[in-house]
file coords_0.tsv (TSV, C-alpha atoms)
chain	number	residue	atom	x	y	z
A	1	MET	CA	75.00	29.53	-31.73
A	2	PRO	CA	72.15	32.06	-32.20
A	3	HIS	CA	70.16	29.41	-34.05
A	4	LEU	CA	70.51	27.03	-31.08
A	5	HIS	CA	69.34	29.79	-28.72
A	6	LEU	CA	66.23	30.33	-30.84
A	7	SER	CA	65.54	26.62	-30.81
A	8	ARG	CA	65.68	26.56	-27.02
A	9	LYS	CA	63.22	29.44	-26.86
A	10	ALA	CA	60.93	27.65	-29.27
A	11	ALA	CA	61.19	24.42	-27.27
A	12	VAL	CA	60.45	26.22	-23.99
A	13	TRP	CA	57.52	28.00	-25.63
A	14	ALA	CA	56.14	24.74	-27.07
A	15	VAL	CA	56.44	22.94	-23.73
A	16	SER	CA	54.73	25.88	-22.00
A	17	VAL	CA	51.88	25.79	-24.50
A	18	ILE	CA	51.44	22.03	-24.06
A	19	ILE	CA	51.47	22.22	-20.24
A	20	GLY	CA	49.22	25.28	-20.23
A	21	GLY	CA	46.79	23.68	-22.69
A	22	GLY	CA	46.62	20.53	-20.60
A	23	ALA	CA	45.97	22.54	-17.46
A	24	LEU	CA	43.21	24.51	-19.19
A	25	ALA	CA	41.59	21.34	-20.50
A	26	TRP	CA	41.69	19.74	-17.04
A	27	GLY	CA	40.33	22.91	-15.43
A	28	GLY	CA	37.57	23.12	-18.04
A	29	ARG	CA	36.56	19.52	-17.37
A	30	VAL	CA	36.41	20.17	-13.61
A	31	ALA	CA	34.37	23.34	-14.19
A	32	TRP	CA	31.96	21.47	-16.51
A	33	GLU	CA	31.46	18.67	-13.96
A	34	ARG	CA	30.74	21.27	-11.27
A	35	TYR	CA	28.25	22.97	-13.58
A	36	GLU	CA	26.56	19.63	-14.36
A	37	THR	CA	26.22	18.78	-10.66
A	38	TRP	CA	25.26	22.28	-9.47
A	39	GLY	CA	22.39	22.05	-7.00
A	40	THR	CA	22.62	18.26	-6.65
A	41	PRO	CA	24.13	16.60	-3.59
A	42	ALA	CA	27.17	14.48	-4.43
A	43	CYS	CA	28.88	12.10	-2.05
A	44	SER	CA	31.69	9.61	-1.99
A	45	TRP	CA	30.29	6.07	-1.77
A	46	SER	CA	31.27	2.92	-3.60
A	47	LEU	CA	28.90	2.35	-6.52
A	48	GLN	CA	29.01	0.53	-9.83
A	49	VAL	CA	27.28	2.69	-12.44
A	50	ARG	CA	25.64	1.15	-15.49
A	51	GLY	CA	23.63	2.82	-18.20
A	52	THR	CA	23.86	6.50	-19.01
A	53	ALA	CA	24.09	8.64	-15.90
A	54	SER	CA	25.22	12.22	-15.55
A	55	PRO	CA	27.79	12.95	-12.83
A	56	ALA	CA	24.97	14.62	-10.87
A	57	GLN	CA	22.71	11.57	-11.04
A	58	ALA	CA	25.47	9.16	-9.99
A	59	GLY	CA	26.52	11.49	-7.16
A	60	LEU	CA	22.94	11.73	-5.94
A	61	VAL	CA	22.55	7.95	-5.79
A	62	ARG	CA	25.86	7.73	-3.90
A	63	CYS	CA	24.48	10.19	-1.33
A	64	TYR	CA	21.26	8.22	-1.08
A	65	LEU	CA	23.12	4.94	-0.47
A	66	ARG	CA	25.45	6.50	2.09
A	67	ALA	CA	22.54	8.02	4.00
A	68	LEU	CA	20.53	4.80	3.71
A	69	ALA	CA	23.41	2.67	5.01
A	70	SER	CA	23.81	4.87	8.08
A	71	ARG	CA	20.04	5.32	8.57
A	72	ASP	CA	20.59	9.07	8.24
A	73	THR	CA	17.08	10.45	7.71
A	74	ALA	CA	18.39	14.02	7.28
A	75	GLY	CA	20.71	12.77	4.51
A	76	LEU	CA	17.82	10.95	2.88
A	77	MET	CA	15.78	14.17	2.96
A	78	VAL	CA	18.59	15.94	1.10
A	79	ALA	CA	18.35	13.29	-1.64
A	80	ALA	CA	14.54	13.35	-1.70
A	81	GLY	CA	12.39	15.37	-4.06
A	82	TYR	CA	10.38	18.01	-2.25
A	83	VAL	CA	7.43	18.62	-4.58
A	84	PRO	CA	5.17	17.56	-2.98
A	85	PRO	CA	6.77	17.72	0.49
A	86	VAL	CA	7.79	14.33	1.93
A	87	ARG	CA	9.04	12.84	5.17
A	88	ILE	CA	11.27	9.82	5.69
A	89	THR	CA	9.56	6.93	7.45
A	90	LYS	CA	10.63	3.51	8.69
A	91	ALA	CA	9.54	2.05	5.34
A	92	ASP	CA	12.13	4.25	3.58
A	93	LEU	CA	14.87	2.58	5.63
A	94	ALA	CA	13.92	-0.97	4.58
A	95	HIS	CA	17.11	-1.47	2.53
A	96	SER	CA	19.46	0.01	5.14
A	97	ALA	CA	21.19	-3.31	5.88
A	98	ASP	CA	21.35	-4.06	2.15
A	99	ALA	CA	23.14	-0.74	1.54
A	100	ARG	CA	25.75	-1.74	4.15
A	101	ALA	CA	26.33	-5.16	2.55
A	102	GLY	CA	28.85	-3.86	0.00
A	103	PRO	CA	29.01	-1.92	-3.23
A	104	ALA	CA	25.67	-1.68	-5.00
A	105	THR	CA	25.08	-1.46	-8.74
A	106	ALA	CA	22.94	1.36	-10.09
A	107	ILE	CA	21.42	0.92	-13.54
A	108	PHE	CA	20.32	4.26	-14.96
A	109	THR	CA	17.67	4.71	-17.65
A	110	GLN	CA	17.07	8.19	-18.99
A	111	ASN	CA	13.53	9.14	-19.98
A	112	PRO	CA	13.65	9.36	-23.80
A	113	ASN	CA	10.78	11.86	-23.81
A	114	ASP	CA	11.87	14.15	-20.96
A	115	THR	CA	15.46	15.16	-20.20
A	116	SER	CA	14.47	16.18	-16.68
A	117	SER	CA	13.60	12.65	-15.54
A	118	ALA	CA	15.20	9.24	-15.33
A	119	TRP	CA	14.97	5.99	-13.37
A	120	VAL	CA	17.50	4.01	-11.42
A	121	ASP	CA	17.39	0.34	-10.46
A	122	ILE	CA	19.60	-0.43	-7.49
A	123	ILE	CA	20.94	-3.93	-7.00
A	124	TYR	CA	22.53	-4.28	-3.58
A	125	ALA	CA	25.57	-6.49	-2.97
A	126	ASP	CA	23.41	-9.01	-1.09
A	127	GLY	CA	21.03	-9.40	-4.06
A	128	ALA	CA	18.19	-7.20	-2.79
A	129	ARG	CA	16.74	-4.74	-5.31
A	130	ASP	CA	15.03	-1.39	-5.54
A	131	ASP	CA	13.53	-1.04	-9.00
A	132	ALA	CA	12.58	2.07	-10.95
A	133	ILE	CA	13.27	4.78	-8.39
A	134	GLY	CA	12.42	8.03	-10.09
A	135	LEU	CA	15.01	10.76	-10.56
A	136	ILE	CA	13.88	14.27	-11.41
A	137	ASP	CA	15.58	17.58	-12.11
A	138	MET	CA	13.70	19.83	-9.69
A	139	ASN	CA	13.84	22.65	-12.24
A	140	ALA	CA	11.00	20.81	-14.01
A	141	MET	CA	8.95	21.18	-10.81
A	142	GLY	CA	9.50	24.94	-10.60
A	143	GLY	CA	12.48	24.76	-8.27
A	144	PRO	CA	16.15	25.43	-8.84
A	145	SER	CA	18.06	23.01	-11.03
A	146	GLY	CA	19.24	19.95	-9.13
A	147	TRP	CA	18.47	16.24	-9.29
A	148	ARG	CA	16.49	14.53	-6.53
A	149	MET	CA	15.06	11.05	-5.96
A	150	ASP	CA	11.44	10.00	-5.66
A	151	ILE	CA	11.76	8.68	-2.11
A	152	GLY	CA	9.89	9.42	1.09
A	153	THR	CA	6.24	9.54	2.04
A	154	GLU	CA	4.11	12.46	0.93
A	155	ILE	CA	3.25	14.64	3.95
A	156	ASN	CA	-0.26	15.68	2.92
A	157	PRO	CA	-1.49	13.24	0.31
A	158	PRO	CA	-4.61	14.29	-1.53
A	159	SER	CA	-7.77	13.07	0.14
A	160	GLY	CA	-10.91	11.79	-1.42
A	161	PRO	CA	-11.59	9.14	-3.99
A	162	SER	CA	-8.97	8.32	-6.58
A	163	PRO	CA	-9.73	9.68	-10.02
A	164	SER	CA	-11.14	6.99	-12.27
A	165	THR	CA	-9.23	6.10	-15.37

call {"tool": "encode", "arguments": {"input": "coords_0.tsv", "output": "structure tokens"}}
result
Amino acid sequence: MPHLHLSRKAAVWAVSVIIGGGALAWGGRVAWERYETWGTPACSWSLQVRGTASPAQAGLVRCYLRALASRDTAGLMVAAGYVPPVRITKADLAHSADARAGPATAIFTQNPNDTSSAWVDIIYADGARDDAIGLIDMNAMGGPSGWRMDIGTEINPPSGPSPST
């Protein structure tokens, strides 16, 4: 019987290693997702994601759509980039009803030349569209790392003639 006892110990040890390894892998994945989304608002909102989006980028667009659907200007400000400073105006709420129409589809395109920027096209359930909304990691603008959207109206736009090209 001693051989059987050793086999039980080995089986218990093997099962413990498998369960422990699985728990560590799951915990590592959760920790990595938290690291990837650090500094970026993330919300629960129904969204079909297409293209290559990081968890942070998809979470940001979910927050944007949730705030847009409820006409929550403070929520939109959280999603907005802040360099330069912006404010949310009536024009920024134009797709509010579209956001309430049902799950939207977000098509993400990463900038091949700059890992700190991307674009998202949003197709609302009712067929309305928002094309090429900019996404930027604010770290590239001198702020802390965290993705934001190019929404809102610049508070103090530069004055004077536009530079000629």

call {"tool": "atom_distance", "arguments": {"input": "coords_0.tsv", "atom1": "atom CA of A:Asn139", "atom2": "atom CA of A:Ala67"}}
result
23.5 Å

call {"tool": "atom_distance", "arguments": {"input": "coords_0.tsv", "atom1": "atom CA of A:Asp150", "atom2": "atom CA of A:Ala53"}}
result
16.3 Å

call {"tool": "closest_residue", "arguments": {"input": "coords_0.tsv", "among": "A:Thr73, A:Ile123, A:Val83, A:Cys43", "to": "A:Gly143", "atoms": "all atoms listed in the file"}}
result
A:Val83

call {"tool": "residues_around", "arguments": {"input": "coords_0.tsv", "residues": "A:Leu76", "least_positions_apart": "4", "cutoff": "8 Å", "atoms": "all atoms listed in the file", "output": "number ranges by chain"}}
result
A: 63-64, 67-68, 72, 80, 88

call {"tool": "closest_residue", "arguments": {"input": "coords_0.tsv", "among": "A:Val49, A:Ala42, A:Ala56, A:Arg148", "to": "A:Ile122", "atoms": "all atoms listed in the file"}}
result
A:Val49

call {"tool": "closest_residue", "arguments": {"input": "coords_0.tsv", "among": "A:Leu47, A:Ala69, A:Val86, A:Ala132", "to": "A:Gln110", "atoms": "all atoms listed in the file"}}
result
A:Ala132

call {"tool": "atom_distance", "arguments": {"input": "coords_0.tsv", "atom1": "atom CA of A:Arg50", "atom2": "atom CA of A:Thr89"}}
result
28.6 Å

call {"tool": "closest_residue", "arguments": {"input": "coords_0.tsv", "among": "A:Val61, A:Pro41, A:Val78, A:Gln48", "to": "A:Trp119", "atoms": "only C-alpha atoms"}}
result
A:Val61

call {"tool": "closest_residue", "arguments": {"input": "coords_0.tsv", "among": "A:Ser70, A:Asn156, A:Ser54, A:Thr115", "to": "A:Asp137", "atoms": "all atoms listed in the file"}}
result
A:Thr115

call {"tool": "closest_residue", "arguments": {"input": "coords_0.tsv", "among": "A:Leu135, A:Asp126, A:Gly75, A:Ala104", "to": "A:Ser46", "atoms": "all atoms listed in the file"}}
result
A:Ala104

call {"tool": "residues_near_point", "arguments": {"input": "coords_0.tsv", "point": "(11.9, -3.4, -4.2)", "cutoff": "12 Å", "atoms": "all atoms listed in the file", "output": "ChimeraX atom specification"}}
result
/A:91-95,98,120-124,127-133
